[in-house]
Amino acid sequence: MNTHEEKINLLSEMIEFSVIDGRLHEREYQFVWIVAQELGIDKDEFNDLFHQELPTKVAKTEFERIQQFYRLALLMHCDGVLHQKEEEAIRQIAINTGLNPSATNRVLKLMKASPNAMISAETLLGYFQEQHN
């Protein structure tokens, strides 16, 4: 992620997704704040993002789209409650960004079965790379 604009777009998409169930859970806020800190975004600018509507831009590379899908999937799980709206939205986001629906469904199923919703990078990328063979 190179530009400040790309970082803000990423965070905006995560914020939009975090409130899709009608409320912002504290764990979701903390998760997105950790990502913001890793991206070098200060607290004031981060908090301002909750009051803005920015157009979402699709990541350029497939790898970036997979990363964003996984971040959103982790965000979906971090409050401990899986809402139907979240599951529908993440599937639609994956389709809209051109990710393989079969791979996204497999990843989501594996994350749901995992005690901490995390899967290895190799497994994640492996599911998406299978479509290339």
# chains A, B, ... in the order shown; residues from 1 in each chain; ligands from 1

$ closest_atom_pairs --of "region 61-96 of chain A" --to "region 104-110 of chain A" --cutoff "10 Å" --atoms "only C-alpha atoms" --output "CSV"
residue,atom,partner,partner_atom,distance
A:Ile66,CA,A:Thr104,CA,9.1
A:Phe69,CA,A:Thr104,CA,8.4
A:Tyr70,CA,A:Val107,CA,8.6
A:Ala73,CA,A:Leu108,CA,7.3
A:Leu74,CA,A:Leu108,CA,9.7
A:Glu87,CA,A:Leu108,CA,8.7
A:Ile90,CA,A:Thr104,CA,9.0
A:Arg91,CA,A:Thr104,CA,7.2
A:Ala94,CA,A:Thr104,CA,7.1
A:Ile95,CA,A:Thr104,CA,8.9

$ write_last_selection --atoms "N, CA, C and O atoms" --output "mmCIF file, in the first residue's frame"
data_model
loop_
_atom_site.group_PDB
_atom_site.id
_atom_site.type_symbol
_atom_site.label_atom_id
_atom_site.label_comp_id
_atom_site.auth_asym_id
_atom_site.auth_seq_id
_atom_site.Cartn_x
_atom_site.Cartn_y
_atom_site.Cartn_z
ATOM 1 N N ILE A 66 -7.175 -10.118 -2.072
ATOM 2 C CA ILE A 66 -7.247 -11.240 -1.130
ATOM 3 C C ILE A 66 -6.940 -10.755 0.279
ATOM 4 O O ILE A 66 -7.637 -11.120 1.234
ATOM 5 N N PHE A 69 -9.968 -8.869 1.551
ATOM 6 C CA PHE A 69 -11.031 -9.824 1.864
ATOM 7 C C PHE A 69 -10.765 -10.479 3.225
ATOM 8 O O PHE A 69 -11.658 -10.572 4.067
ATOM 9 N N TYR A 70 -9.523 -10.902 3.457
ATOM 10 C CA TYR A 70 -9.180 -11.561 4.721
ATOM 11 C C TYR A 70 -9.305 -10.592 5.898
ATOM 12 O O TYR A 70 -9.814 -10.959 6.961
ATOM 13 N N ALA A 73 -12.890 -10.329 6.636
ATOM 14 C CA ALA A 73 -13.367 -11.561 7.265
ATOM 15 C C ALA A 73 -12.962 -11.610 8.737
ATOM 16 O O ALA A 73 -13.756 -12.007 9.598
ATOM 17 N N LEU A 74 -11.738 -11.192 9.042
ATOM 18 C CA LEU A 74 -11.312 -11.128 10.444
ATOM 19 C C LEU A 74 -12.149 -10.115 11.221
ATOM 20 O O LEU A 74 -12.555 -10.368 12.361
ATOM 21 N N GLU A 87 -22.215 -11.751 6.507
ATOM 22 C CA GLU A 87 -21.860 -12.849 5.607
ATOM 23 C C GLU A 87 -22.283 -12.557 4.177
ATOM 24 O O GLU A 87 -21.530 -12.812 3.234
ATOM 25 N N ILE A 90 -19.901 -9.709 2.782
ATOM 26 C CA ILE A 90 -18.526 -10.095 2.442
ATOM 27 C C ILE A 90 -18.495 -10.952 1.182
ATOM 28 O O ILE A 90 -17.574 -10.836 0.375
ATOM 29 N N ARG A 91 -19.493 -11.766 0.998
ATOM 30 C CA ARG A 91 -19.555 -12.556 -0.241
ATOM 31 C C ARG A 91 -19.735 -11.645 -1.448
ATOM 32 O O ARG A 91 -19.116 -11.848 -2.498
ATOM 33 N N ALA A 94 -16.503 -9.807 -2.206
ATOM 34 C CA ALA A 94 -15.561 -10.703 -2.885
ATOM 35 C C ALA A 94 -15.905 -10.832 -4.370
ATOM 36 O O ALA A 94 -15.021 -10.761 -5.229
ATOM 37 N N ILE A 95 -17.175 -10.989 -4.666
ATOM 38 C CA ILE A 95 -17.601 -11.088 -6.064
ATOM 39 C C ILE A 95 -17.306 -9.787 -6.803
ATOM 40 O O ILE A 95 -16.774 -9.795 -7.910
#

$ closest_atom_pairs --of "region 40-131 of chain A" --to "region 20-28 of chain A" --cutoff "10 Å" --atoms "only C-alpha atoms" --output "CSV"
residue,atom,partner,partner_atom,distance
A:Leu74,CA,A:Glu28,CA,9.4
A:Leu75,CA,A:Glu28,CA,6.1
A:Met76,CA,A:Glu28,CA,8.0
A:His77,CA,A:Glu28,CA,8.8
A:Cys78,CA,A:Arg27,CA,6.1
A:Asp79,CA,A:Arg27,CA,5.5
A:Gly80,CA,A:Arg27,CA,8.9
A:Val81,CA,A:His25,CA,9.9
A:Leu82,CA,A:Asp21,CA,9.3
A:His83,CA,A:Asp21,CA,6.6
A:Gln84,CA,A:Asp21,CA,8.3
A:Lys85,CA,A:Asp21,CA,6.1
A:Glu86,CA,A:Ile20,CA,6.4
A:Ala89,CA,A:Ile20,CA,8.0

$ residues_around --residues "Phe46 (chain A)" --least-positions-apart "2" --cutoff "12 Å" --atoms "only C-alpha atoms" --output "PyMOL selection string"
chain A and resi 7-12+14-15+29-30+32-44+48-52

$ select_by_dssp --residues "region 42-123 of chain A" --states "helix (DSSP H, G or I)" --output "ChimeraX atom specification"
/A:43-51,62-77,84-96,101-113,121-123

$ write_last_selection --atoms "C-alpha atoms" --output "tab-separated table (two decimals), in the first residue's frame"
chain	number	residue	atom	x	y	z
A	43	LYS	CA	-6.04	8.94	15.79
A	44	ASP	CA	-7.77	12.20	14.74
A	45	GLU	CA	-7.74	11.34	11.05
A	46	PHE	CA	-8.87	7.80	11.87
A	47	ASN	CA	-11.83	9.02	13.93
A	48	ASP	CA	-12.79	11.50	11.19
A	49	LEU	CA	-13.22	8.57	8.79
A	50	PHE	CA	-16.28	7.47	10.75
A	51	HIS	CA	-18.02	10.68	9.67
A	62	GLU	CA	-5.34	-9.96	-6.80
A	63	PHE	CA	-3.02	-10.30	-3.81
A	64	GLU	CA	-4.21	-6.94	-2.44
A	65	ARG	CA	-7.84	-7.95	-2.98
A	66	ILE	CA	-7.25	-11.24	-1.13
A	67	GLN	CA	-5.59	-9.36	1.74
A	68	GLN	CA	-8.52	-6.97	2.00
A	69	PHE	CA	-11.03	-9.82	1.86
A	70	TYR	CA	-9.18	-11.56	4.72
A	71	ARG	CA	-9.02	-8.35	6.78
A	72	LEU	CA	-12.78	-7.92	6.36
A	73	ALA	CA	-13.37	-11.56	7.27
A	74	LEU	CA	-11.31	-11.13	10.44
A	75	LEU	CA	-13.24	-7.96	11.22
A	76	MET	CA	-16.49	-9.88	10.75
A	77	HIS	CA	-15.40	-12.41	13.38
A	84	GLN	CA	-26.29	-12.73	8.28
A	85	LYS	CA	-25.83	-9.24	6.80
A	86	GLU	CA	-22.08	-9.48	7.33
A	87	GLU	CA	-21.86	-12.85	5.61
A	88	GLU	CA	-23.93	-11.66	2.66
A	89	ALA	CA	-21.95	-8.44	2.38
A	90	ILE	CA	-18.53	-10.09	2.44
A	91	ARG	CA	-19.55	-12.56	-0.24
A	92	GLN	CA	-20.81	-9.70	-2.40
A	93	ILE	CA	-17.63	-7.69	-1.81
A	94	ALA	CA	-15.56	-10.70	-2.89
A	95	ILE	CA	-17.60	-11.09	-6.06
A	96	ASN	CA	-17.42	-7.36	-6.81
A	101	PRO	CA	-16.60	-17.38	-5.06
A	102	SER	CA	-15.64	-20.99	-4.41
A	103	ALA	CA	-12.37	-19.95	-2.78
A	104	THR	CA	-14.06	-17.24	-0.69
A	105	ASN	CA	-16.68	-19.70	0.54
A	106	ARG	CA	-14.00	-22.23	1.48
A	107	VAL	CA	-12.02	-19.58	3.37
A	108	LEU	CA	-15.10	-18.35	5.23
A	109	LYS	CA	-16.09	-21.90	6.17
A	110	LEU	CA	-12.59	-22.66	7.46
A	111	MET	CA	-12.48	-19.40	9.43
A	112	LYS	CA	-15.84	-20.17	11.00
A	113	ALA	CA	-14.56	-23.56	12.14
A	121	ALA	CA	-1.36	-17.32	4.84
A	122	GLU	CA	-0.39	-20.43	2.88
A	123	THR	CA	-3.90	-21.87	3.19

$ atom_distance --atom1 "CA of Lys60 (chain A)" --atom2 "CA of Gly98 (chain A)"
10.7 Å
